[in-house]
file work_31.cif (mmCIF, C-alpha atoms)
data_my_file
loop_
_atom_site.label_atom_id
_atom_site.label_comp_id
_atom_site.auth_asym_id
_atom_site.auth_seq_id
_atom_site.Cartn_x
_atom_site.Cartn_y
_atom_site.Cartn_z
CA MET A 6 68.95 111.86 144.91
CA LYS A 7 70.27 108.74 146.67
CA VAL A 8 67.81 106.58 144.76
CA PHE A 9 69.04 108.05 141.47
CA LEU A 10 72.68 107.33 142.36
CA LEU A 11 71.84 103.77 143.39
CA LEU A 12 69.89 103.16 140.17
CA SER A 13 72.65 104.59 138.00
CA PHE A 14 75.26 102.48 139.83
CA ALA A 15 73.15 99.35 139.39
CA LEU A 16 72.63 100.16 135.70
CA ALA A 17 76.39 100.64 135.24
CA LEU A 18 77.03 97.25 136.85
CA VAL A 19 74.49 95.56 134.59
CA VAL A 20 75.88 97.20 131.45
CA THR A 21 79.50 96.34 132.23
CA GLY A 22 78.60 92.83 133.35
CA CYS A 23 76.71 92.04 130.16
CA GLY A 24 78.69 91.25 127.08
CA ASP A 25 80.65 88.56 125.41
CA SER A 26 82.97 86.94 127.83
CA LYS A 27 85.66 84.90 126.16
CA PRO A 28 87.79 82.44 128.06
CA ALA A 29 91.28 83.69 128.71
CA ALA A 30 93.77 82.63 126.08
CA PRO A 31 96.78 80.69 127.31
CA ALA A 32 99.93 82.73 127.73
CA SER A 33 102.14 82.91 124.69
CA GLY A 34 104.81 80.26 124.79
CA ALA A 35 102.68 78.02 126.98
CA GLY A 36 102.93 74.53 125.60
CA SER A 37 100.90 71.44 126.10
CA PRO A 38 101.52 68.99 128.94
CA ILE A 39 103.06 66.66 126.38
CA THR A 40 105.85 69.11 125.48
CA ALA A 41 106.33 70.38 129.04
CA PRO A 42 109.49 68.34 129.79
CA VAL A 43 111.15 69.53 126.58
CA ASP A 44 110.12 73.13 127.26
CA TYR A 45 111.47 72.86 130.80
CA LEU A 46 114.84 71.49 129.69
CA GLY A 47 115.12 74.21 127.04
CA ALA A 48 114.45 76.88 129.66
CA LEU A 49 117.07 75.35 131.97
CA ASN A 50 119.67 75.37 129.21
CA LYS A 51 118.92 79.00 128.36
CA ALA A 52 119.15 80.01 132.04
CA LYS A 53 122.46 78.15 132.42
CA LYS A 54 123.98 80.01 129.48
CA SER A 55 122.76 83.33 130.82
CA ALA A 56 124.19 82.58 134.29
CA GLU A 57 127.57 81.59 132.82
CA LYS A 58 127.73 84.85 130.91
CA THR A 59 126.85 86.89 134.00
CA VAL A 60 129.37 85.17 136.26
CA ASP A 61 132.21 85.44 133.75
CA LEU A 62 131.49 89.11 133.16
CA SER A 63 131.25 89.96 136.84
CA VAL A 64 134.64 88.38 137.59
CA ILE A 65 136.34 90.19 134.72
CA THR A 66 134.57 93.50 135.38
CA THR A 67 135.58 93.40 139.05
CA ALA A 68 139.20 92.76 138.08
CA VAL A 69 139.13 95.64 135.56
CA LYS A 70 137.77 98.01 138.22
CA ALA A 71 140.39 96.90 140.74
CA PHE A 72 143.14 97.41 138.14
CA LYS A 73 141.80 100.91 137.40
CA GLU A 74 141.83 101.80 141.12
CA GLU A 75 145.38 100.57 141.63
CA GLU A 76 147.02 101.60 138.36
CA GLY A 77 144.96 104.70 137.56
CA ARG A 78 144.09 103.45 134.08
CA PHE A 79 142.22 100.65 132.37
CA PRO A 80 144.27 97.64 131.25
CA LEU A 81 145.25 97.72 127.59
CA GLU A 82 144.12 94.11 127.18
CA LEU A 83 142.61 91.47 129.44
CA THR A 84 145.88 89.50 129.67
CA GLU A 85 147.35 92.45 131.57
CA LEU A 86 145.01 91.52 134.44
CA MET A 87 146.82 88.19 134.76
CA LYS A 88 150.28 89.81 134.61
CA HIS A 89 149.38 92.07 137.56
CA ASN A 90 147.70 89.20 139.51
CA PHE A 91 144.15 90.50 139.31
CA LEU A 92 143.01 87.27 137.62
CA ARG A 93 144.53 83.78 137.52
CA SER A 94 143.13 83.22 134.07
CA ILE A 95 140.55 84.73 131.75
CA PRO A 96 137.32 82.73 132.13
CA PRO A 97 136.34 81.02 128.87
CA ALA A 98 133.41 82.43 126.96
CA PRO A 99 130.33 80.20 126.65
CA TYR A 100 130.14 78.06 123.52
CA GLY A 101 129.47 80.17 120.41
CA MET A 102 130.30 83.40 122.23
CA LYS A 103 133.39 85.55 122.69
CA ILE A 104 134.52 88.08 125.28
CA VAL A 105 135.03 91.61 123.95
CA TYR A 106 136.96 94.22 125.92
CA ASN A 107 137.08 97.98 125.27
CA PRO A 108 140.27 99.44 126.83
CA THR A 109 139.12 103.06 126.48
CA ASN A 110 136.22 102.72 128.95
CA GLY A 111 136.87 99.32 130.57
CA GLU A 112 133.65 97.72 129.32
CA VAL A 113 133.56 93.94 129.04
CA ALA A 114 130.87 92.18 127.02
CA VAL A 115 130.04 88.69 125.83
CA VAL A 116 128.86 88.68 122.24
CA LYS A 117 127.98 86.03 119.71
CA ALA A 118 131.06 84.84 117.85
CA THR A 119 130.93 85.32 114.11
CA PRO A 120 132.32 82.52 111.95
CA ALA A 121 135.57 83.27 110.13
CA GLN A 122 135.14 84.33 106.51
CA PRO A 123 137.17 82.35 103.91
#
call {"tool": "encode", "arguments": {"input": "work_31.cif", "output": "structure tokens"}}
result
Amino acid sequence: MKVFLLLSFALALVVTGCGDSKPAAPASGAGSPITAPVDYLGALNKAKKSAEKTVDLSVITTAVKAFKEEEGRFPLELTELMKHNFLRSIPPAPYGMKIVYNPTNGEVAVVKATPAQP
């Protein structure tokens, strides 16, 4: 019985080991060494924009929560946070973006700004 198990295990190893082995394809988005500096700078720029959005939102969201705790309601608009000294100023939105505030639930979001229609 042991011999049968050993032979079947060896046969399974041989069968799975045989076959077409293809070299692993490079990960999608992986560039050549020539374009690496450009790819790196692009990734840095994207990360910077994402970090700016996160920091701006966290400051405003914290102020909205503090206002809600103290006043018992959400501010009607973000400028009310400055009037009650929860913020010195509203942080500017990153280029091409705008800050959207929902006074019914206190949600703050940064969304892509749409160009004005003529």
call {"tool": "resolve_selection", "arguments": {"input": "work_31.cif", "expression": "the PyMOL selection byres ((chain A and resi 105-118) around 9)", "output": "VMD selection string"}}
result
chain A and resid 58 to 59 61 to 62 65 to 66 69 to 70 73 79 to 83 98 to 104 119 to 120
call {"tool": "atom_distance", "arguments": {"input": "work_31.cif", "atom1": "CA of Glu85 (chain A)", "atom2": "CA of Phe72 (chain A)"}}
result
9.2 Å
call {"tool": "atom_distance", "arguments": {"input": "work_31.cif", "atom1": "CA of Ser63 (chain A)", "atom2": "CA of Leu92 (chain A)"}}
result
12.1 Å
call {"tool": "atom_distance", "arguments": {"input": "work_31.cif", "atom1": "CA of Thr40 (chain A)", "atom2": "CA of Lys53 (chain A)"}}
result
20.1 Å
call {"tool": "closest_residue", "arguments": {"input": "work_31.cif", "among": "A:Pro38, A:Tyr45, A:Val64, A:Ala52", "to": "Pro96 (chain A)", "atoms": "all atoms listed in the file"}}
result
A:Val64
